[in-house]
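Listing of data.cif, mmCIF, C-alpha atoms
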```cif
data_entry
loop_
_atom_site.label_atom_id
_atom_site.label_comp_id
_atom_site.auth_asym_id
_atom_site.auth_seq_id
_atom_site.Cartn_x
_atom_site.Cartn_y
_atom_site.Cartn_z
CA MET A 2 6.57 1.83 -14.93
CA SER A 3 3.70 3.51 -13.10
CA ILE A 4 5.79 6.56 -12.08
CA ASN A 5 6.60 7.30 -15.72
CA LYS A 6 2.96 7.04 -16.67
CA ALA A 7 1.90 9.28 -13.80
CA PHE A 8 4.57 11.79 -14.75
CA LYS A 9 3.52 11.75 -18.40
CA ALA A 10 -0.15 12.12 -17.46
CA LEU A 11 0.55 14.97 -15.05
CA ALA A 12 2.80 16.84 -17.46
CA ASP A 13 -0.18 18.20 -19.36
CA PRO A 14 -2.00 21.23 -17.84
CA THR A 15 -5.41 20.08 -19.15
CA ARG A 16 -5.05 16.76 -17.35
CA ARG A 17 -3.94 18.52 -14.18
CA LYS A 18 -7.03 20.74 -14.43
CA ILE A 19 -9.21 17.63 -14.79
CA LEU A 20 -7.69 16.30 -11.57
CA ASP A 21 -8.38 19.63 -9.84
CA LEU A 22 -12.03 19.44 -10.95
CA LEU A 23 -12.34 15.89 -9.64
CA LYS A 24 -10.90 16.99 -6.29
CA GLU A 25 -14.10 18.96 -5.76
CA GLN A 26 -16.53 16.22 -6.79
CA ASP A 27 -17.02 13.14 -8.98
CA LEU A 28 -18.05 14.07 -12.53
CA THR A 29 -19.21 12.51 -15.81
CA ALA A 30 -17.17 12.91 -19.01
CA GLY A 31 -19.72 15.44 -20.29
CA GLU A 32 -19.52 17.54 -17.14
CA ILE A 33 -15.73 17.53 -17.38
CA ALA A 34 -15.85 18.51 -21.07
CA ASP A 35 -18.08 21.50 -20.18
CA HIS A 36 -15.14 23.08 -18.36
CA PHE A 37 -12.90 23.00 -21.43
CA ASP A 38 -12.93 24.55 -24.85
CA MET A 39 -12.11 21.35 -26.72
CA SER A 40 -13.88 18.43 -28.38
CA LYS A 41 -15.28 15.51 -26.39
CA PRO A 42 -13.00 12.94 -28.09
CA SER A 43 -9.98 15.01 -26.96
CA ILE A 44 -11.27 15.05 -23.39
CA SER A 45 -11.92 11.32 -23.66
CA ARG A 46 -8.29 10.79 -24.70
CA HIS A 47 -7.08 12.82 -21.74
CA LEU A 48 -9.34 10.81 -19.43
CA ASN A 49 -7.98 7.53 -20.83
CA LEU A 50 -4.41 8.63 -20.17
CA LEU A 51 -5.29 9.60 -16.61
CA LYS A 52 -7.03 6.27 -16.15
CA GLU A 53 -4.05 4.32 -17.48
CA ALA A 54 -1.84 6.11 -14.97
CA GLU A 55 -4.34 5.11 -12.22
CA LEU A 56 -4.88 8.76 -11.36
CA ILE A 57 -8.64 8.59 -11.89
CA TRP A 58 -11.24 5.87 -11.62
CA ASP A 59 -14.36 5.33 -13.69
CA GLU A 60 -17.53 3.65 -12.65
CA ARG A 61 -20.69 3.02 -14.65
CA LYS A 62 -23.90 4.30 -13.05
CA ALA A 63 -27.03 3.79 -15.19
CA ASN A 64 -26.21 5.43 -18.57
CA PHE A 65 -23.29 7.48 -17.28
CA ILE A 66 -19.66 6.85 -16.52
CA ILE A 67 -18.69 8.69 -13.36
CA TYR A 68 -15.06 9.68 -12.96
CA SER A 69 -13.50 10.07 -9.55
CA LEU A 70 -10.06 10.84 -8.22
CA ASN A 71 -7.74 7.90 -7.52
CA THR A 72 -4.45 9.58 -6.66
CA THR A 73 -1.97 8.60 -3.97
CA VAL A 74 -0.10 11.10 -1.77
CA PHE A 75 3.00 10.75 -3.96
CA GLN A 76 0.98 11.56 -7.08
CA ASP A 77 -0.62 14.55 -5.33
CA VAL A 78 2.82 15.88 -4.47
CA LEU A 79 3.97 15.33 -8.06
CA GLN A 80 0.96 17.24 -9.33
CA TRP A 81 1.64 20.08 -6.89
CA ILE A 82 5.28 20.33 -8.03
CA LEU A 83 4.29 20.40 -11.72
CA ASN A 84 1.59 23.01 -11.05
CA PHE A 85 4.11 25.10 -9.16
CA GLN A 86 6.63 24.80 -11.98
CA SER A 87 4.14 25.82 -14.67
CA GLU A 88 2.97 28.80 -12.55
CA LYS A 89 6.58 29.87 -12.28
CA GLU A 90 7.11 29.61 -16.04
CA LYS A 91 4.10 31.86 -16.76
CA MET B 8 -4.81 -0.46 -21.76
CA GLU B 9 -2.86 -3.57 -22.75
CA ASP B 10 0.27 -1.86 -21.49
CA ALA B 11 -1.41 -1.09 -18.15
CA ARG B 12 -2.38 -4.75 -17.79
CA GLN B 13 1.18 -5.87 -18.52
CA GLN B 14 2.48 -3.48 -15.91
CA GLN B 15 -0.01 -4.79 -13.33
CA ALA B 16 1.08 -8.35 -14.11
CA TRP B 17 4.72 -7.35 -13.66
CA ARG B 18 4.03 -5.82 -10.25
CA GLY B 19 1.53 -8.39 -8.99
CA LEU B 20 3.13 -11.59 -10.29
CA LEU B 21 6.69 -11.25 -11.55
CA ILE B 22 8.20 -9.23 -8.69
CA PRO B 23 6.69 -11.51 -5.98
CA PHE B 24 7.89 -14.56 -7.95
CA ALA B 25 11.38 -13.09 -8.25
CA LEU B 26 11.47 -12.48 -4.48
CA ILE B 27 10.39 -16.06 -3.79
CA LEU B 28 13.01 -17.39 -6.21
CA ILE B 29 15.75 -15.30 -4.56
CA THR B 30 14.69 -16.70 -1.16
CA ILE B 31 14.87 -20.26 -2.51
CA GLY B 32 18.27 -19.39 -4.02
CA ILE B 33 19.51 -18.24 -0.59
CA SER B 34 18.39 -21.58 0.88
CA PHE B 35 20.39 -23.48 -1.76
CA TRP B 36 23.39 -21.21 -1.33
CA ALA B 37 23.50 -21.42 2.48
CA TYR B 38 22.41 -25.06 2.89
CA PRO B 39 25.83 -26.80 2.64
CA ALA B 40 27.36 -24.45 5.23
CA LEU B 41 24.50 -24.78 7.74
CA PRO B 42 24.96 -26.83 10.93
CA GLU B 43 22.58 -29.81 11.40
CA ARG B 44 20.67 -27.98 14.17
CA LEU B 45 19.89 -24.28 14.26
CA ASP B 46 18.83 -21.92 17.02
CA THR B 47 15.29 -20.95 15.94
CA PHE B 48 13.89 -19.86 19.31
CA SER B 49 11.61 -22.90 19.16
CA ASP B 50 11.27 -25.67 21.76
CA VAL B 51 9.99 -28.08 19.13
CA ASP B 52 12.81 -30.41 18.08
CA TRP B 53 12.01 -30.74 14.36
CA MET B 54 11.79 -26.97 13.99
CA THR B 55 15.52 -26.70 14.62
CA GLN B 56 16.54 -29.15 11.88
CA LYS B 57 18.33 -27.56 8.96
CA PRO B 58 16.04 -28.82 6.13
CA VAL B 59 13.00 -27.43 7.97
CA VAL B 60 14.64 -24.03 8.54
CA ALA B 61 15.78 -23.87 4.91
CA VAL B 62 12.27 -24.45 3.48
CA PHE B 63 10.12 -22.78 6.16
CA ILE B 64 10.18 -19.16 4.98
CA PRO B 65 9.98 -19.97 1.22
CA LEU B 66 6.85 -22.01 2.03
CA VAL B 67 5.40 -19.16 4.11
CA MET B 68 6.08 -16.82 1.18
CA LEU B 69 4.31 -19.13 -1.25
CA PHE B 70 1.36 -19.36 1.17
CA ILE B 71 1.14 -15.55 1.48
CA PHE B 72 1.38 -15.20 -2.30
CA ALA B 73 -1.46 -17.71 -2.78
CA MET B 74 -3.55 -15.93 -0.12
CA PHE B 75 -3.17 -12.57 -1.86
CA ARG B 76 -4.26 -14.14 -5.16
CA LEU B 77 -7.25 -15.71 -3.39
CA ALA B 78 -8.07 -12.39 -1.70
CA SER B 79 -8.81 -10.76 -5.04
CA PHE B 80 -11.50 -13.40 -5.70
CA VAL B 81 -13.00 -13.48 -2.20
CA GLY B 82 -12.86 -9.72 -1.71
CA ARG B 83 -14.55 -8.96 -5.03
CA SER B 84 -18.03 -9.05 -3.53
CA TYR B 85 -17.05 -6.78 -0.64
CA PHE B 86 -14.56 -4.30 -2.05
CA ASP B 87 -13.61 -2.59 -5.23
CA MET B 88 -10.59 -4.88 -5.56
CA GLN B 89 -9.44 -3.51 -8.90
CA ARG B 90 -9.11 -0.04 -7.41
CA LEU B 91 -7.15 -1.37 -4.45
CA LYS B 92 -5.04 -3.72 -6.57
CA SER B 93 -2.06 -1.43 -6.58
CA LEU B 94 -2.09 -1.26 -2.78
CA PHE B 95 -2.36 -5.04 -2.47
CA ASP B 96 0.45 -5.57 -4.99
CA TRP B 97 2.85 -3.27 -3.13
CA TRP B 98 1.74 -4.70 0.21
CA LEU B 99 2.55 -8.20 -1.04
CA ILE B 100 5.97 -7.06 -2.32
CA PHE B 101 6.67 -5.41 1.05
CA LEU B 102 5.73 -8.57 3.01
CA LEU B 103 7.73 -10.88 0.74
CA GLY B 104 10.71 -8.52 0.75
CA PHE B 105 10.63 -8.43 4.54
CA LEU B 106 10.51 -12.24 4.73
CA LEU B 107 13.40 -12.47 2.26
CA VAL B 108 15.52 -10.32 4.60
CA VAL B 109 14.49 -12.39 7.65
CA HIS B 110 15.37 -15.57 5.75
CA ALA B 111 18.77 -14.17 4.77
CA PHE B 112 19.41 -13.38 8.45
CA MET B 113 18.29 -16.81 9.65
CA LEU B 114 20.55 -18.67 7.25
CA GLU B 115 23.47 -16.29 7.04
CA LEU B 116 24.10 -16.08 10.80
CA PRO B 117 24.69 -19.81 11.45
CA SER B 118 26.52 -20.35 8.14
CA ASN B 119 29.00 -17.52 8.93
CA GLY B 120 28.63 -16.04 5.47
CA SER B 121 30.16 -12.85 4.19
CA LEU B 122 27.06 -10.62 4.25
CA SER B 123 28.00 -9.33 7.73
CA LEU B 124 24.34 -9.38 8.74
CA SER B 125 25.36 -10.32 12.26
CA ASN B 126 26.38 -6.73 12.84
CA GLN B 127 23.98 -5.20 15.38
CA ASP B 128 23.95 -1.86 13.55
CA THR B 129 22.80 -3.55 10.34
CA VAL B 130 19.90 -5.20 12.18
CA VAL B 131 18.86 -1.89 13.77
CA LYS B 132 19.03 -0.09 10.41
CA LEU B 133 17.01 -2.81 8.67
CA VAL B 134 14.27 -2.82 11.34
CA THR B 135 14.03 0.97 11.12
CA LEU B 136 13.91 0.84 7.32
CA VAL B 137 11.08 -1.73 7.41
CA PHE B 138 9.02 0.61 9.63
CA ALA B 139 9.81 3.56 7.36
CA ILE B 140 8.60 1.69 4.26
CA TYR B 141 5.51 0.46 6.11
CA LEU B 142 4.50 3.98 7.19
CA MET B 143 5.13 5.45 3.73
CA LEU B 144 3.24 2.66 1.99
CA VAL B 145 0.13 3.00 4.17
CA GLY B 146 0.31 6.82 4.11
CA ASN B 147 0.74 6.96 0.34
CA TYR B 148 -2.24 4.73 -0.42
CA PHE B 149 -4.51 6.05 2.34
CA PRO B 150 -6.40 8.51 0.07
CA ARG B 151 -7.05 5.75 -2.49
CA LEU B 152 -8.29 3.44 0.25
CA GLN B 153 -10.60 6.14 1.53
CA ARG B 154 -12.02 6.90 -1.92
CA SER B 155 -12.55 3.26 -2.80
CA MET B 156 -15.90 1.49 -2.67
CA LEU B 157 -14.87 0.13 0.71
CA GLN B 158 -17.29 2.38 2.55
CA GLN B 159 -20.17 2.28 0.09
CA LYS B 160 -20.23 -1.48 -0.41
CA THR B 161 -19.45 -2.55 3.14
CA ALA B 162 -21.38 -0.09 5.27
CA PRO B 163 -24.94 -1.20 4.33
CA ASN B 164 -24.15 -4.54 6.00
CA LYS B 165 -23.74 -2.65 9.27
CA GLU B 166 -27.47 -3.09 9.89
CA LYS B 167 -27.13 -6.90 9.48
CA PRO B 168 -24.76 -8.12 12.23
CA TRP B 169 -25.19 -11.78 11.19
CA ASN B 170 -23.97 -11.02 7.64
CA VAL B 171 -21.03 -9.12 9.06
CA PHE B 172 -20.15 -12.00 11.39
CA VAL B 173 -20.37 -14.63 8.63
CA SER B 174 -18.33 -12.51 6.20
CA VAL B 175 -15.56 -11.84 8.70
CA VAL B 176 -15.41 -15.49 9.85
CA LYS B 177 -15.28 -16.61 6.20
CA MET B 178 -12.34 -14.31 5.48
CA LYS B 179 -10.50 -15.24 8.67
CA LEU B 180 -11.00 -18.99 8.10
CA LEU B 181 -9.45 -18.55 4.68
CA GLY B 182 -6.46 -16.94 6.38
CA LEU B 183 -7.36 -13.57 4.86
CA ASN B 184 -6.98 -11.65 8.09
CA PHE B 185 -6.11 -8.35 6.46
CA LEU B 186 -9.21 -8.56 4.28
CA GLY B 187 -11.38 -9.09 7.38
CA GLU B 188 -9.84 -6.02 9.05
CA LEU B 189 -10.39 -3.96 5.91
CA TYR B 190 -14.02 -5.07 5.81
CA LEU B 191 -14.56 -4.08 9.45
CA LEU B 192 -12.85 -0.76 8.79
CA GLY B 193 -15.38 0.01 6.06
CA LEU B 194 -18.36 -0.58 8.37
CA GLY B 195 -18.07 2.48 10.53
CA SER B 196 -17.59 5.21 8.04
CA ARG B 197 -20.54 5.65 5.71
CA LYS B 198 -22.71 7.81 7.94
CA ASP B 199 -19.85 10.05 9.05
CA ASP B 200 -19.71 13.62 7.88
CA PRO B 201 -17.86 13.51 4.48
CA ARG B 202 -15.99 16.75 5.31
CA LEU B 203 -14.81 15.24 8.57
CA GLN B 204 -13.75 12.06 6.76
CA LYS B 205 -11.77 14.13 4.27
CA GLN B 206 -10.03 16.05 7.06
CA ILE B 207 -9.13 12.86 8.96
CA GLY B 208 -7.97 11.12 5.77
CA SER B 209 -5.84 14.04 4.70
CA PHE B 210 -4.25 14.32 8.15
CA ALA B 211 -3.65 10.56 8.43
CA SER B 212 -1.98 10.23 5.04
CA ARG B 213 0.25 13.27 5.58
CA ILE B 214 1.35 12.33 9.09
CA LEU B 215 2.09 8.74 8.04
CA MET B 216 4.10 9.83 4.99
CA LEU B 217 6.00 12.46 6.95
CA GLY B 218 6.63 9.96 9.77
CA GLY B 219 7.87 7.40 7.23
CA ILE B 220 10.28 9.89 5.64
CA LEU B 221 11.64 10.94 9.07
CA VAL B 222 12.06 7.31 10.18
CA GLY B 223 13.77 6.60 6.84
CA LEU B 224 16.17 9.50 7.41
CA SER B 225 16.95 8.27 10.93
CA VAL B 226 18.53 5.18 9.29
CA LEU B 227 21.46 7.48 8.50
CA LEU B 228 22.16 7.93 12.22
CA PRO B 229 25.06 5.92 13.64
CA GLY B 230 24.89 2.93 16.02
CA ILE B 231 21.55 2.11 17.62
CA TYR B 232 20.30 5.72 17.30
CA PRO B 233 17.93 4.82 14.40
CA ILE B 234 15.80 2.94 16.97
CA PHE B 235 15.60 6.06 19.14
CA GLY B 236 14.66 8.02 16.01
CA LEU B 237 11.92 5.48 15.28
CA ILE B 238 10.53 5.63 18.84
CA THR B 239 10.58 9.45 18.81
CA VAL B 240 8.75 9.65 15.47
CA MET B 241 6.13 7.07 16.55
CA ALA B 242 5.56 9.02 19.81
CA ALA B 243 5.27 12.26 17.79
CA ILE B 244 2.71 10.64 15.43
CA GLY B 245 0.69 9.49 18.47
CA ALA B 246 0.82 12.93 20.11
CA ALA B 247 -0.02 14.79 16.87
CA THR B 248 -2.99 12.46 16.24
CA PHE B 249 -4.29 13.00 19.78
CA LEU B 250 -4.00 16.79 19.43
CA PHE B 251 -5.63 16.76 15.98
CA MET B 252 -8.58 14.63 17.13
CA THR B 253 -9.06 16.74 20.29
CA ARG B 254 -9.15 19.90 18.17
CA LEU B 255 -11.63 18.31 15.72
CA LYS B 256 -13.94 17.29 18.57
CA LYS B 257 -13.81 20.80 20.05
CA ASN B 258 -14.61 22.39 16.68
CA ARG B 259 -17.61 20.12 16.21
#
```
Rewrite the coordinates I just gave you, this time as structure tokens.
Amino acid sequence: MSINKAFKALADPTRRKILDLLKEQDLTAGEIADHFDMSKPSISRHLNLLKEAELIWDERKANFIIYSLNTTVFQDVLQWILNFQSEKEK
Amino acid sequence: MEDARQQQAWRGLLIPFALILITIGISFWAYPALPERLDTFSDVDWMTQKPVVAVFIPLVMLFIFAMFRLASFVGRSYFDMQRLKSLFDWWLIFLLGFLLVVHAFMLELPSNGSLSLSNQDTVVKLVTLVFAIYLMLVGNYFPRLQRSMLQQKTAPNKEKPWNVFVSVVKMKLLGLNFLGELYLLGLGSRKDDPRLQKQIGSFASRILMLGGILVGLSVLLPGIYPIFGLITVMAAIGAATFLFMTRLKKNR
């Protein structure tokens, strides 16, 4: 179900950080990758998981794929709870 | 990706079909016990006949289901339908679920079944629950609606009133009222300040979700108090919206 997918996607801190970045503005995969110290295929895999969970949306513009946020209020709350939990664990 | 498609099919096709089948099942189950004429609040004679009452809501449900399927084709040129698909799927499930309950009431009351739906408290609780789900559904999907292509694709037509008129008439003639409203909603927002839009969207989604949760909790109240809870929450939403908008205008 969608809730499981959203939960799985939000469980990873990298994916949560991607969502935080997209809250500020829409970004391309390259621009997202610039914020992380990992390979582009890894970022692409994270983006695919977020897309499958309907948390982000991609749209082709010229030669680029622009990613934007696609979360619902429930998913935002879920993200906030998981962020809060991981902060607490640190 | 394949998995995501299967899940969308489950939500958009199988659940609505299951709801329609349950409604048809209720008709079959209640039919033998129904009197020949039913009180349907209609002056038209044939509307009170038991075969008509038994098939009316299942047919309405099939019509709504077909309209939602059609909407995804018609709306494609106006909206980012794929992005809003989730909202439409849940909206369809909500409408069909509501009709299923209405149908159960219509047939259970005259057939004196054992569901005890004739209890006034049950009716009050169900009405309150429907409002709670409605508020939570709209509130939950509000951010997605706001971020969709709705504004970017629709707003340029604002300068062409004839196109707007033809598009809305086309949607309404097809019975796609909600699509027409959505289209009109997208017209006014493109030139607004994005920060202001974000503030309004964030407020609207939160107040609707919170209102929905409070209305949902009021179902736990005894007797007809859930209705008072519903009225109080709706009045509070209205007052909070007025105060929020007044403050926004002042700050601008």
Nearby residues (only C-alpha atoms) at most 9 Å from range 242-256 of chain B, same-chain spacing under 3 positions excluded, as a list in words: Leu203, Ile207, Phe210, Ala211, Ile214, Leu215, Gly218, Leu237, Ile238, Thr239 and Arg259 of chain B
Report as a list of chain:residue names all protein, DNA and RNA residues lying within 12 Å of Tyr141 in chain B, evaluated on all atoms listed in the file, omitting residues in the same chain fewer than 5 positions from it. B:Leu94, B:Trp97, B:Trp98, B:Leu99, B:Ile100, B:Phe101, B:Leu102, B:Gly104, B:Phe105, B:Val134, B:Thr135, B:Leu136, B:Gly146, B:Asn147, B:Tyr148, B:Leu215, B:Met216, B:Gly218, B:Gly219, B:Ile220, B:Val222, B:Gly223
Which polymer residues have any atom within 7 Å of an atom of range 18-29 of chain A, counting only C-alpha atoms, with same-chain residues fewer than 4 positions away left out, as number ranges by chain? A: 14, 33, 65-70
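Between CA of Lys179 in chain B and CA of Phe75 in chain B there is a distance of 13.1 Å.
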Expressed in Å to a single decimal, how great is the separation between CA of Gln76 in chain A and CA of Leu11 in chain A? 8.7 Å
Just say which residues the PyMOL selection byres ((chain A) within 12 of (chain B)) picks in this file, as JSON, numbers by chain. {"A": [2, 3, 4, 5, 6, 7, 23, 24, 25, 26, 27, 49, 50, 51, 52, 53, 54, 55, 56, 57, 58, 59, 60, 68, 69, 70, 71, 72, 73, 74, 75, 76, 77, 78]}
Can you patch up range 44-80 of chain A, filling it in to N, CA and C atoms, and show the result as a PDB file, in the frame of the given file?
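Result file follows (rebuild.pdb):
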```pdb
ATOM      1  N   ILE A  44     -11.129  15.217 -24.853  1.00  0.00           N
ATOM      2  CA  ILE A  44     -11.270  15.050 -23.390  1.00  0.00           C
ATOM      3  C   ILE A  44     -11.229  13.567 -23.042  1.00  0.00           C
ATOM      4  N   SER A  45     -11.896  12.772 -23.887  1.00  0.00           N
ATOM      5  CA  SER A  45     -11.920  11.320 -23.660  1.00  0.00           C
ATOM      6  C   SER A  45     -10.496  10.738 -23.693  1.00  0.00           C
ATOM      7  N   ARG A  46      -9.674  11.261 -24.614  1.00  0.00           N
ATOM      8  CA  ARG A  46      -8.290  10.790 -24.700  1.00  0.00           C
ATOM      9  C   ARG A  46      -7.497  11.166 -23.438  1.00  0.00           C
ATOM     10  N   HIS A  47      -7.733  12.385 -22.983  1.00  0.00           N
ATOM     11  CA  HIS A  47      -7.080  12.820 -21.740  1.00  0.00           C
ATOM     12  C   HIS A  47      -7.516  11.933 -20.560  1.00  0.00           C
ATOM     13  N   LEU A  48      -8.817  11.635 -20.533  1.00  0.00           N
ATOM     14  CA  LEU A  48      -9.340  10.810 -19.430  1.00  0.00           C
ATOM     15  C   LEU A  48      -8.734   9.397 -19.473  1.00  0.00           C
ATOM     16  N   ASN A  49      -8.575   8.869 -20.700  1.00  0.00           N
ATOM     17  CA  ASN A  49      -7.980   7.530 -20.830  1.00  0.00           C
ATOM     18  C   ASN A  49      -6.547   7.495 -20.325  1.00  0.00           C
ATOM     19  N   LEU A  50      -5.805   8.553 -20.639  1.00  0.00           N
ATOM     20  CA  LEU A  50      -4.410   8.630 -20.170  1.00  0.00           C
ATOM     21  C   LEU A  50      -4.346   8.702 -18.646  1.00  0.00           C
ATOM     22  N   LEU A  51      -5.251   9.484 -18.078  1.00  0.00           N
ATOM     23  CA  LEU A  51      -5.290   9.600 -16.610  1.00  0.00           C
ATOM     24  C   LEU A  51      -5.686   8.266 -15.971  1.00  0.00           C
ATOM     25  N   LYS A  52      -6.570   7.563 -16.666  1.00  0.00           N
ATOM     26  CA  LYS A  52      -7.030   6.270 -16.150  1.00  0.00           C
ATOM     27  C   LYS A  52      -5.911   5.224 -16.221  1.00  0.00           C
ATOM     28  N   GLU A  53      -5.173   5.253 -17.320  1.00  0.00           N
ATOM     29  CA  GLU A  53      -4.050   4.320 -17.480  1.00  0.00           C
ATOM     30  C   GLU A  53      -2.987   4.524 -16.405  1.00  0.00           C
ATOM     31  N   ALA A  54      -2.829   5.788 -16.010  1.00  0.00           N
ATOM     32  CA  ALA A  54      -1.840   6.110 -14.970  1.00  0.00           C
ATOM     33  C   ALA A  54      -2.408   5.886 -13.563  1.00  0.00           C
ATOM     34  N   GLU A  55      -3.636   5.368 -13.484  1.00  0.00           N
ATOM     35  CA  GLU A  55      -4.340   5.110 -12.220  1.00  0.00           C
ATOM     36  C   GLU A  55      -4.551   6.371 -11.398  1.00  0.00           C
ATOM     37  N   LEU A  56      -4.662   7.506 -12.089  1.00  0.00           N
ATOM     38  CA  LEU A  56      -4.880   8.760 -11.360  1.00  0.00           C
ATOM     39  C   LEU A  56      -6.372   9.034 -11.173  1.00  0.00           C
ATOM     40  N   ILE A  57      -7.178   8.465 -12.066  1.00  0.00           N
ATOM     41  CA  ILE A  57      -8.640   8.590 -11.890  1.00  0.00           C
ATOM     42  C   ILE A  57      -9.265   7.206 -12.014  1.00  0.00           C
ATOM     43  N   TRP A  58     -10.521   7.137 -11.593  1.00  0.00           N
ATOM     44  CA  TRP A  58     -11.240   5.870 -11.620  1.00  0.00           C
ATOM     45  C   TRP A  58     -12.600   6.083 -12.247  1.00  0.00           C
ATOM     46  N   ASP A  59     -13.030   5.166 -13.113  1.00  0.00           N
ATOM     47  CA  ASP A  59     -14.360   5.330 -13.690  1.00  0.00           C
ATOM     48  C   ASP A  59     -15.282   4.211 -13.242  1.00  0.00           C
ATOM     49  N   GLU A  60     -16.537   4.604 -13.142  1.00  0.00           N
ATOM     50  CA  GLU A  60     -17.530   3.650 -12.650  1.00  0.00           C
ATOM     51  C   GLU A  60     -18.840   3.905 -13.383  1.00  0.00           C
ATOM     52  N   ARG A  61     -19.444   2.830 -13.897  1.00  0.00           N
ATOM     53  CA  ARG A  61     -20.690   3.020 -14.650  1.00  0.00           C
ATOM     54  C   ARG A  61     -21.874   3.096 -13.682  1.00  0.00           C
ATOM     55  N   LYS A  62     -22.664   4.170 -13.829  1.00  0.00           N
ATOM     56  CA  LYS A  62     -23.900   4.300 -13.050  1.00  0.00           C
ATOM     57  C   LYS A  62     -25.011   4.626 -14.028  1.00  0.00           C
ATOM     58  N   ALA A  63     -25.959   3.678 -14.180  1.00  0.00           N
ATOM     59  CA  ALA A  63     -27.030   3.790 -15.190  1.00  0.00           C
ATOM     60  C   ALA A  63     -26.394   4.036 -16.569  1.00  0.00           C
ATOM     61  N   ASN A  64     -26.746   5.178 -17.226  1.00  0.00           N
ATOM     62  CA  ASN A  64     -26.210   5.430 -18.570  1.00  0.00           C
ATOM     63  C   ASN A  64     -24.923   6.266 -18.556  1.00  0.00           C
ATOM     64  N   PHE A  65     -24.452   6.590 -17.367  1.00  0.00           N
ATOM     65  CA  PHE A  65     -23.290   7.480 -17.280  1.00  0.00           C
ATOM     66  C   PHE A  65     -22.058   6.764 -16.748  1.00  0.00           C
ATOM     67  N   ILE A  66     -20.915   7.310 -17.132  1.00  0.00           N
ATOM     68  CA  ILE A  66     -19.660   6.850 -16.520  1.00  0.00           C
ATOM     69  C   ILE A  66     -19.183   7.978 -15.616  1.00  0.00           C
ATOM     70  N   ILE A  67     -19.103   7.666 -14.336  1.00  0.00           N
ATOM     71  CA  ILE A  67     -18.690   8.690 -13.360  1.00  0.00           C
ATOM     72  C   ILE A  67     -17.193   8.561 -13.124  1.00  0.00           C
ATOM     73  N   TYR A  68     -16.499   9.671 -13.230  1.00  0.00           N
ATOM     74  CA  TYR A  68     -15.060   9.680 -12.960  1.00  0.00           C
ATOM     75  C   TYR A  68     -14.788  10.232 -11.577  1.00  0.00           C
ATOM     76  N   SER A  69     -13.877   9.570 -10.867  1.00  0.00           N
ATOM     77  CA  SER A  69     -13.500  10.070  -9.550  1.00  0.00           C
ATOM     78  C   SER A  69     -11.977  10.028  -9.407  1.00  0.00           C
ATOM     79  N   LEU A  70     -11.499  10.749  -8.441  1.00  0.00           N
ATOM     80  CA  LEU A  70     -10.060  10.840  -8.220  1.00  0.00           C
ATOM     81  C   LEU A  70      -9.527   9.526  -7.640  1.00  0.00           C
ATOM     82  N   ASN A  71      -8.306   9.161  -8.038  1.00  0.00           N
ATOM     83  CA  ASN A  71      -7.740   7.900  -7.520  1.00  0.00           C
ATOM     84  C   ASN A  71      -6.239   8.086  -7.197  1.00  0.00           C
ATOM     85  N   THR A  72      -5.886   9.296  -6.844  1.00  0.00           N
ATOM     86  CA  THR A  72      -4.450   9.580  -6.660  1.00  0.00           C
ATOM     87  C   THR A  72      -3.934   9.121  -5.300  1.00  0.00           C
ATOM     88  N   THR A  73      -2.623   8.891  -5.247  1.00  0.00           N
ATOM     89  CA  THR A  73      -1.970   8.600  -3.970  1.00  0.00           C
ATOM     90  C   THR A  73      -1.305   9.908  -3.501  1.00  0.00           C
ATOM     91  N   VAL A  74      -0.755   9.890  -2.294  1.00  0.00           N
ATOM     92  CA  VAL A  74      -0.100  11.100  -1.770  1.00  0.00           C
ATOM     93  C   VAL A  74       1.074  11.492  -2.677  1.00  0.00           C
ATOM     94  N   PHE A  75       1.844  10.491  -3.100  1.00  0.00           N
ATOM     95  CA  PHE A  75       3.000  10.750  -3.960  1.00  0.00           C
ATOM     96  C   PHE A  75       2.566  11.447  -5.254  1.00  0.00           C
ATOM     97  N   GLN A  76       1.471  10.960  -5.841  1.00  0.00           N
ATOM     98  CA  GLN A  76       0.980  11.560  -7.080  1.00  0.00           C
ATOM     99  C   GLN A  76       0.453  12.977  -6.852  1.00  0.00           C
ATOM    100  N   ASP A  77      -0.164  13.203  -5.677  1.00  0.00           N
ATOM    101  CA  ASP A  77      -0.620  14.550  -5.330  1.00  0.00           C
ATOM    102  C   ASP A  77       0.554  15.517  -5.240  1.00  0.00           C
ATOM    103  N   VAL A  78       1.629  15.043  -4.619  1.00  0.00           N
ATOM    104  CA  VAL A  78       2.820  15.880  -4.470  1.00  0.00           C
ATOM    105  C   VAL A  78       3.421  16.189  -5.847  1.00  0.00           C
ATOM    106  N   LEU A  79       3.452  15.165  -6.697  1.00  0.00           N
ATOM    107  CA  LEU A  79       3.970  15.330  -8.060  1.00  0.00           C
ATOM    108  C   LEU A  79       3.153  16.373  -8.820  1.00  0.00           C
ATOM    109  N   GLN A  80       1.843  16.288  -8.669  1.00  0.00           N
ATOM    110  CA  GLN A  80       0.960  17.240  -9.330  1.00  0.00           C
ATOM    111  C   GLN A  80       1.220  18.661  -8.811  1.00  0.00           C
TER     112      GLN A  80
END
```
